[in-house]
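K.L.:
Handing you this structure, nothing more for now.
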Amino acid sequence: MDLVEGHYPIEAPAGVPEWDVDPFAPEILTDPIDYYTELRAKGPFAYIPKYSMLACGRYDEAKEVFSDHERFVSGRGVGLQDFKLEQPWRPPSIVLEVDPPYHTQNRRVLARVMATKAVQRLKEAFRIAADDLIDALLERGSFEGVGDLAEAFPVNVFSKAVGLADADRCKLVDYGAMVFNGIGPDNAIRQASMAKVPTIVPWITEQCRRENLSDDGIGAEIYAAADTGEITEDEAGMLIRSLLSAGIDTTVTGLGSALWCFANNPGELERLKVDPKLARPAFEETLRFTSPIHSFCRTAGVDTEVGGVSIVEGTKILCVLGAANLDESHWTDAGKFDIQRRTLGHLAFGIGIHGCVGQNLARAEGEAVLGAIARKVGRIELDGEPVWRPNNSIRALDRLPLRFHTA
Ligand code: HEM
């Protein structure tokens with residue numbers, strides 16, 4: 001049987017509408033709101049003939065598919081390719097792209113080194129770095145929000161937290177983009193990213209080696225798990241690779257989108273300034289409102305049923321987290337950016353056994369930056385048109401010209 005984008009082709013299940021759309025077209029990736037709305041209107045699932053897969057954008061079904069690791073596995077890849085049928089472009093992540101019991105052992109190590117208590121130790125360093133950066137940008141007045149802030153901050157603090165010797169911003173950001181584009185179909189966006197594999201991948205592998213990490217960072221703690229026999233040295237390197245894949249571009253995107261949200265919603269910035277403790281919930285609402293990871297797949301490991309729809313084993317299902325986080329039937333005024341909203345249950349960090357293991361760290365970064373903005377910045381002005389960067393699984397800004405005002 002011929003594969004489609006590396007997976008088994010399927011027929012549209014009974015009752016599921018066919019939808020002639022390309023969710024990975026640049027115009028949708030850069031401006032997805034109408035696509036999200038239409039996807040939800042189609043019902044629990046839509047069948048997308050171009051990729052012979054299902055897509056779900058309603059909150060209930062997206063949550064069910066994304067969280068039920070027994071019926072919908074990650075070990076066959078969280079993109080369009082089915083790893084049972086085709087070799088992926090790089091050895092699979094030993095946490096994101098594996099299932100229990102192997103997942104459980106590796107996840108345990110990451111969860112321990114990134115537990116709340118571990119992140120607590122980093123918070124003061126994050127606060128100082130954020131204060132310094134915001135002071136410097138206030139002095140400059142106008143700046144490029146993506147490069148000068150959204151990328152600069154996580155690359156600086158996250159690299160130090162992990163213990164990287166060489167925090168090359170371009171290579172780290174390009175690696176993240178490559179991994180997230182790699183999850184999509186073999187389109188021009190993916191091919192442009194993959195062209196960088198020969199330069200970036202050996203560099204990343206080198207950064208993950210024990211001798212290239214400081215002895216007091218998260219990286220060293222992961223290698224310590226190899227000393228006790230919990231994992232092997234090779235697995236320790238692979239887990240650090242997972243952090244570098246998943247921990248930079250996502251946070252860059254979250255921070256860039258937070259700046260974009262506040263530049264477009266001055267009233268919400270006023271509320272944040274009145275009560276800087278809202279920095280954390282404001283970051284959370286940014287994640288719900290913009291969903292840095294817009295979609296990831298699951299593969300049906302068994303014949304099953306969701307929302308009255310029969311799903312055959314091997315079906316690829318695109319879980320559109322961005323659409324679920326804006327589902328009006330779950331969220332009141334879903335399309336409104338409201339920093340005092342109760343965001344509990346949003347899917348931006350995923351859910352279930354694969355739910356983001358770095359979420360405490362990401363929140364600490366967001367809180368540090370938005371806290372510094374709340375205390376120091378009077379007004380945020382758009383200083384040009386924001387430009388979005390199409391990516392097969394991340395909703396990222398490419399450029400965000402901004403001006404900070406003291407009052
Ligand atoms: C705002 C920032 C972030 C967002 C929106 C985000 C989002 C997500 C999502 C949606 C998943 C679930 C994937 C799935 O179930 O298939 C995930 C998993 C993961 N994230 Fe994050 N993430 C962020 C930051 C981070 C950071 C800072 C790190 C590292 C320190 C990290 C490391 C990971 C890892 C290793 C996984 C795989 C966990 C597993 O499979 O058990 N993420 N993230």
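Every chain in the structure tokens has a letter given in the order shown (A, B, ...), and although residue numbers restart at 1 in each chain, ligands are simply numbered from 1 in the order shown.
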Identify, counting only C-alpha atoms and all ligand atoms, the protein, DNA and RNA residues located within 6 Å of ligand 1, and give them as an MDAnalysis selection string.
P.N.:
chainID A and resid 78 95:96 107 242:243 246:247 250:251 254 292:293 348:350 353:359 361:362
K.L.:
Could you dump the residues just selected with C-alpha atoms as a tab-separated table (two decimals), in the first residue's frame?
P.N.:
chain	number	residue	atom	x	y	z
A	78	VAL	CA	3.69	13.08	16.86
A	95	VAL	CA	10.58	11.05	25.89
A	96	LEU	CA	8.22	12.79	23.43
A	107	ARG	CA	10.28	11.08	31.95
A	242	SER	CA	15.02	16.78	23.94
A	243	LEU	CA	15.32	19.81	26.20
A	246	ALA	CA	11.52	21.57	23.08
A	247	GLY	CA	12.71	24.27	25.47
A	250	THR	CA	8.35	27.23	22.45
A	251	THR	CA	9.34	29.78	25.08
A	254	GLY	CA	5.30	32.34	24.12
A	292	PRO	CA	2.69	28.25	20.71
A	293	ILE	CA	2.38	24.60	19.62
A	348	ALA	CA	-1.01	24.75	25.37
A	349	PHE	CA	1.28	22.59	27.52
A	350	GLY	CA	-0.45	19.40	26.40
A	353	ILE	CA	1.61	11.61	30.52
A	354	HIS	CA	3.34	13.68	27.81
A	355	GLY	CA	2.19	17.04	29.25
A	356	CYS	CA	5.08	19.52	29.08
A	357	VAL	CA	7.80	18.51	31.51
A	358	GLY	CA	9.37	21.98	31.22
A	359	GLN	CA	6.22	23.92	32.07
A	361	LEU	CA	10.57	26.50	33.84
A	362	ALA	CA	8.63	28.10	30.96
K.L.:
From a DSSP pass on the backbone, collect the residues of segment 62-262 of chain A flagged as alpha helix (DSSP H) and hand them back as a PyMOL selection string.
P.N.:
chain A and resi 62-67+102-113+116-120+123-140+152-162+169-182+188-194+197-207+218-227+233-246+249-262
K.L.:
Store the residues of this selection in a file with C-alpha atoms, as a short mmCIF file (atom, residue, chain, number, x, y, z; two decimals), in the first residue's frame.
P.N.:
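Once everything was written out, this is out.cif:
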data_model
loop_
_atom_site.label_atom_id
_atom_site.label_comp_id
_atom_site.auth_asym_id
_atom_site.auth_seq_id
_atom_site.Cartn_x
_atom_site.Cartn_y
_atom_site.Cartn_z
CA ALA A 62 -8.67 17.28 21.17
CA LYS A 63 -8.27 16.67 24.90
CA GLU A 64 -9.49 13.08 24.68
CA VAL A 65 -7.20 12.12 21.80
CA PHE A 66 -4.18 14.02 23.12
CA SER A 67 -4.37 12.62 26.63
CA TYR A 102 10.16 3.25 28.21
CA HIS A 103 8.64 6.75 28.43
CA THR A 104 8.04 6.41 32.18
CA GLN A 105 11.68 5.77 33.05
CA ASN A 106 13.04 8.68 30.98
CA ARG A 107 10.28 11.08 31.95
CA ARG A 108 11.00 10.39 35.64
CA VAL A 109 14.54 11.74 35.26
CA LEU A 110 13.41 14.92 33.49
CA ALA A 111 10.51 15.49 35.89
CA ARG A 112 12.90 15.28 38.85
CA VAL A 113 15.45 17.75 37.50
CA THR A 116 9.05 23.02 41.12
CA LYS A 117 11.79 23.04 43.78
CA ALA A 118 14.54 22.86 41.16
CA VAL A 119 13.01 25.73 39.19
CA GLN A 120 12.58 27.78 42.38
CA LYS A 123 13.90 32.21 39.71
CA GLU A 124 16.16 34.89 41.17
CA ALA A 125 18.59 34.60 38.26
CA PHE A 126 15.66 34.85 35.82
CA ARG A 127 14.36 37.97 37.61
CA ILE A 128 17.73 39.72 37.48
CA ALA A 129 18.24 38.82 33.81
CA ALA A 130 14.73 40.05 32.92
CA ASP A 131 15.18 43.33 34.82
CA ASP A 132 18.51 43.99 33.07
CA LEU A 133 17.09 43.21 29.65
CA ILE A 134 13.98 45.38 30.07
CA ASP A 135 16.09 48.28 31.42
CA ALA A 136 18.37 48.05 28.37
CA LEU A 137 15.43 47.92 25.95
CA LEU A 138 13.73 50.87 27.68
CA GLU A 139 16.89 52.86 27.19
CA ARG A 140 16.96 51.97 23.49
CA ALA A 152 17.50 36.80 23.64
CA PHE A 153 15.97 36.06 27.05
CA PRO A 154 15.39 32.26 26.87
CA VAL A 155 18.61 31.64 24.99
CA ASN A 156 20.48 33.43 27.78
CA VAL A 157 18.77 31.99 30.87
CA PHE A 158 17.88 28.54 29.56
CA SER A 159 21.37 27.86 28.21
CA LYS A 160 22.83 28.77 31.61
CA ALA A 161 20.24 26.66 33.44
CA VAL A 162 21.09 23.62 31.30
CA ARG A 169 21.31 31.82 19.48
CA CYS A 170 20.89 31.20 15.75
CA LYS A 171 21.79 27.53 15.97
CA LEU A 172 19.55 26.89 18.99
CA VAL A 173 16.58 28.65 17.38
CA ASP A 174 17.20 26.93 14.03
CA TYR A 175 17.36 23.54 15.72
CA GLY A 176 14.01 24.07 17.42
CA ALA A 177 12.48 25.27 14.15
CA MET A 178 13.86 22.16 12.41
CA VAL A 179 12.36 19.77 14.94
CA PHE A 180 8.97 21.48 14.86
CA ASN A 181 8.92 21.80 11.06
CA GLY A 182 10.03 18.17 10.82
CA ALA A 188 8.76 23.69 1.29
CA ILE A 189 8.85 24.92 4.90
CA ARG A 190 10.11 21.56 6.15
CA GLN A 191 12.61 21.23 3.32
CA ALA A 192 14.10 24.68 4.03
CA SER A 193 14.62 23.69 7.67
CA MET A 194 16.02 20.26 6.80
CA VAL A 197 20.63 19.52 9.26
CA PRO A 198 24.28 18.98 8.22
CA THR A 199 25.46 22.08 10.10
CA ILE A 200 23.09 22.17 13.07
CA VAL A 201 22.69 18.53 14.14
CA PRO A 202 26.41 17.77 14.74
CA TRP A 203 26.68 21.03 16.69
CA ILE A 204 23.67 20.10 18.89
CA THR A 205 25.06 16.59 19.48
CA GLU A 206 28.34 18.15 20.59
CA GLN A 207 26.58 20.50 23.06
CA ILE A 218 20.28 20.63 34.62
CA GLY A 219 22.44 18.81 32.05
CA ALA A 220 24.87 17.61 34.71
CA GLU A 221 21.96 16.44 36.88
CA ILE A 222 20.66 14.36 33.97
CA TYR A 223 24.09 12.78 33.52
CA ALA A 224 24.14 12.04 37.28
CA ALA A 225 21.17 9.72 36.63
CA ALA A 226 23.48 7.75 34.33
CA ASP A 227 26.01 7.35 37.17
CA GLU A 233 25.11 7.91 29.21
CA ASP A 234 23.69 7.84 25.67
CA GLU A 235 20.18 8.28 27.02
CA ALA A 236 21.33 11.23 29.15
CA GLY A 237 22.63 12.93 25.99
CA MET A 238 19.34 12.17 24.21
CA LEU A 239 17.31 13.69 27.07
CA ILE A 240 19.38 16.87 26.92
CA ARG A 241 18.77 16.94 23.17
CA SER A 242 15.02 16.78 23.94
CA LEU A 243 15.32 19.81 26.20
CA LEU A 244 17.15 21.76 23.51
CA SER A 245 14.51 20.76 20.92
CA ALA A 246 11.52 21.57 23.08
CA ASP A 249 11.45 27.86 20.37
CA THR A 250 8.35 27.23 22.45
CA THR A 251 9.34 29.78 25.08
CA VAL A 252 10.56 32.22 22.42
CA THR A 253 7.14 31.93 20.82
CA GLY A 254 5.30 32.34 24.12
CA LEU A 255 7.25 35.49 25.00
CA GLY A 256 6.93 37.00 21.52
CA SER A 257 3.20 36.35 21.55
CA ALA A 258 2.88 37.91 25.02
CA LEU A 259 4.48 41.12 23.72
CA TRP A 260 2.15 41.04 20.71
CA CYS A 261 -0.90 40.51 22.96
CA PHE A 262 0.02 43.42 25.24
#
K.L.:
To test your reading of the structure, identify every residue in segment 351-397 of chain A that backbone DSSP assigns to strand (DSSP E), and report it as a ChimeraX atom specification.
P.N.:
/A:379-382,387-389,396-397
K.L.:
Export C-alpha atoms of the chosen residues as a tab-separated table (two decimals), in the first residue's frame?
P.N.:
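Saved result, again.tsv, follows:
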chain	number	residue	atom	x	y	z
A	379	ARG	CA	3.38	51.68	27.39
A	380	ILE	CA	4.15	49.23	24.57
A	381	GLU	CA	3.72	50.52	21.04
A	382	LEU	CA	3.84	48.58	17.79
A	387	VAL	CA	5.39	39.40	10.65
A	388	TRP	CA	4.59	35.75	11.40
A	389	ARG	CA	6.97	32.92	10.55
A	396	ALA	CA	5.68	31.94	15.83
A	397	LEU	CA	6.40	35.57	15.14
K.L.:
With distances taken over only C-alpha atoms, which of A:Val377, A:Leu29, A:Cys208, A:Leu54 is nearest to Ile394 of chain A?
P.N.:
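Once distances to Ile394 of chain A are computed over only C-alpha atoms, the minimum belongs to A:Leu29.
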K.L.:
Could you check how far atom CA of Thr37 of chain A sits from atom CA of Ala323 of chain A, in Å to one decimal?
P.N.:
7.0 Å
K.L.:
Mind checking which residues fall within 6 Å of His7 of chain A, counting only C-alpha atoms, ignoring those fewer than 4 positions away in the same chain, and posting them as a list in words?
P.N.:
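So the residues in contact are Leu3, Gln81 and Asp82 of chain A.
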K.L.:
Would you kindly return, as a compact mmCIF listing (two decimals) with C-alpha atoms, in the first residue's frame, each protein, DNA or RNA residue with an atom no farther than 12 Å from any atom of Gly79 of chain A, considering only C-alpha atoms and excluding same-chain residues fewer than 5 positions away?
P.N.:
# COMPACT_ATOMS: atom_id res chain seq x y z
CA GLU A 5 3.36 11.49 4.13
CA GLY A 6 4.73 8.32 5.70
CA HIS A 7 1.45 6.93 7.10
CA PHE A 24 0.19 23.50 6.62
CA TYR A 51 -2.97 14.18 3.98
CA MET A 53 -5.78 12.07 8.09
CA VAL A 73 0.18 6.58 20.91
CA SER A 74 3.15 8.94 20.57
CA PRO A 88 12.23 9.38 11.03
CA TRP A 89 14.81 12.01 9.97
CA PRO A 92 13.18 9.61 17.88
CA LEU A 96 8.22 12.79 23.43
CA GLU A 97 8.16 10.05 20.81
CA VAL A 179 12.36 19.77 14.94
CA PHE A 180 8.97 21.48 14.86
CA ASN A 181 8.92 21.80 11.06
CA GLY A 182 10.03 18.17 10.82
CA ILE A 183 6.77 17.11 12.45
CA GLY A 184 4.77 18.40 9.47
CA PRO A 185 4.43 17.18 5.88
CA ASP A 186 7.35 17.28 3.47
CA ARG A 190 10.11 21.56 6.15
CA SER A 295 -0.89 21.20 16.46
CA PHE A 296 0.69 17.81 17.06
CA CYS A 297 -0.48 14.37 15.95
CA ARG A 298 -1.34 11.14 17.63
CA THR A 299 -1.65 7.73 15.94
CA THR A 315 -5.08 6.70 11.63
CA LYS A 316 -3.10 9.88 12.05
CA ILE A 317 -5.05 12.52 13.96
CA LEU A 318 -3.97 16.15 13.94
CA CYS A 319 -4.89 17.58 17.35
CA VAL A 320 -5.22 21.30 16.75
CA ASN A 392 4.46 23.29 10.67
CA SER A 393 3.73 23.02 14.40
K.L.:
Could you state the separation of atom CA of Thr406 of chain A and atom CA of Gly335 of chain A in Å, given to one decimal place?
P.N.:
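Rounded to one decimal, the two atoms are 29.3 Å apart.
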K.L.:
I'd like to know which of A:Ala334, A:Ile28, A:Leu347, A:Ala372 is closest to Leu278 of chain A, using only C-alpha atoms.
P.N.:
A:Ala372
K.L.:
Between A:Ile339, A:Ala368, A:Leu326, A:Leu85, single out the one closest to Pro32 of chain A, counting only C-alpha atoms.
P.N.:
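The closest residue to Pro32 of chain A is A:Leu326.
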K.L.:
I'd like the contact shell of Ala374 of chain A - 7 Å cut-off, only C-alpha atoms, skipping same-chain residues fewer than 4 positions apart - returned as a ChimeraX atom specification.
P.N.:
/A:272-273,276,370
K.L.:
Do you have the atom CA of Lys277 of chain A-atom CA of Gly371 of chain A distance handy?
P.N.:
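If I compute the distance from atom CA of Lys277 of chain A to atom CA of Gly371 of chain A, I get 7.3 Å.
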